[in-house]
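The structure under discussion appears below in the form of structure tokens.
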Amino acid sequence: MLKKRDLNDCHVLFNLMAHPDVFPFVRQKADSLEEFMFLTKQTIEEEERGETISRTILDEWYNPIGAISLYDVQDGCGFLGTWLGQPYFGKGYNKLAKESFLSELFYEKDIQTVFMRIRKNNIRSQKAAEKIPFVTLANESRADIYEQLNRERDLYNLYQIEKDNYMLHQLRNQNHVEGYEEDQLKEA
């Protein structure tokens with residue numbers, strides 16, 4: 001589940017973000033709760049200006065457990081950033097958050113392409129991205145962006161999610177589920 005960013009969640013989120021398995025991979029790093037609150041307030045203001053779209057990820061009890069954002073929104077494109085607190089790794093929250101967020105981006109906002117820059121040494125995030133059927137490695141197809149990301153050093157792989165691929169995947173899944181339900185009714 002997702003909700004708009006809120007300063008009331010900062011204390012919990014800061015403690016989760018500060019974990020050594022999370023902190024190196026977070027885009028907006030904060031060394032103190034006050035700094036984290038300042039960055040969160042900036043993010044909320046950027047969303048009001050249409051530059052960022054950011055949500056707090058919640059568990060099934062509505063506790064904040066991470067954040068998912070689309071940064072540098074411009075011309076229907078932006079860069080996805082997601083992080084979860086370490087206790088929530090491997091429990092399916094990342095997949096659920098991405099599905100919900102991408103649905104909002106593609107169906108409710110005017111987003112056409114979502115890019116993901118993932119550090120080459122962040123194996124966990126690369127594996128998570130590669131599990132998603134509508135994600136493509138874009139190092140070659142978007143060479144201009146890839147080279148811009150890596151102009152200093154070769155640090156990142158570039159992945160992309162295009163609205164058309166996402167929507168096609170959603171339609172296929174919907175048709176598969178409907179076909180399965182029809183078969184179940186025929187058997188009954």
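Chain lettering (A, B, ...) mirrors the order of the structure tokens, residue numbering begins at 1 for each chain separately, and ligand numbering begins at 1 in order of display.
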
**Test item: residues at most 8 Å from A:Asn122, only C-alpha atoms, excluding those fewer than 4 positions along its chain, as a ChimeraX atom specification** = /A:25,118,126

Would you mind exporting N, CA and C atoms of the selected residues as an mmCIF file, in the first residue's frame?
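Output contents, as saved in selection_37.cif:
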data_model
loop_
_atom_site.group_PDB
_atom_site.id
_atom_site.type_symbol
_atom_site.label_atom_id
_atom_site.label_comp_id
_atom_site.auth_asym_id
_atom_site.auth_seq_id
_atom_site.Cartn_x
_atom_site.Cartn_y
_atom_site.Cartn_z
ATOM 1 N N PHE A 25 22.355 2.728 -0.720
ATOM 2 C CA PHE A 25 21.596 2.646 -1.970
ATOM 3 C C PHE A 25 20.441 3.646 -2.049
ATOM 4 N N ILE A 118 20.476 1.593 -11.681
ATOM 5 C CA ILE A 118 20.816 0.678 -10.586
ATOM 6 C C ILE A 118 22.319 0.473 -10.594
ATOM 7 N N GLN A 126 19.263 -5.236 -8.895
ATOM 8 C CA GLN A 126 19.293 -5.700 -10.285
ATOM 9 C C GLN A 126 18.442 -6.949 -10.451
#

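Backbone DSSP of stretch 119-171 of chain A yields helix (DSSP H, G or I) at Ile123, Arg124, Ser125, Gln126, Lys127, Ala128, Ala129, Glu130, Lys131, Ala143, Asp144, Ile145, Tyr146, Glu147, Gln148, Leu149, Lys163, Asp164, Asn165, Tyr166, Met167, Leu168, His169, Gln170 and Leu171 of chain A.
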
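Comparing the minimum interatomic distances between A:Gly66 and each of A:Cys10, A:Met116, A:Ile111, A:Ile53, counting only C-alpha atoms, we find that A:Cys10 sits nearest.
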
**Request:** Considering only C-alpha atoms, return as a PyMOL selection string whatever protein or nucleic-acid residues lie within 12 Å of A:Glu60, sequence-local ones (same chain, fewer than 5 positions apart) excluded.
**Result:** chain A and resi 1-2+65+88+91-93+96-97

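Using only C-alpha atoms, the smallest distance between any of A:Ile57, A:Leu7, A:Val73, A:Ala138 and A:Gln160 comes from A:Ala138.
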
**Nearby residues (only C-alpha atoms) at most 12 Å from A:Tyr159, same-chain spacing under 6 positions excluded, as number ranges by chain** = A: 78-81, 113-120, 125-130, 132-143, 145-146, 149

**Between atom CA of A:Leu171 and atom CA of A:Thr56 - distance in Å to one decimal** = 27.1 Å

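When only C-alpha atoms are used to compute distances to A:Glu48, the closest of the residues A:His11, A:Lys131, A:Arg5, A:Lys29 turns out to be A:Arg5.
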
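With only C-alpha atoms as the basis for measurement, A:Lys4 is the residue among A:Gly50, A:Ser32, A:Asn121, A:Lys4 that approaches A:Ala67 most closely.
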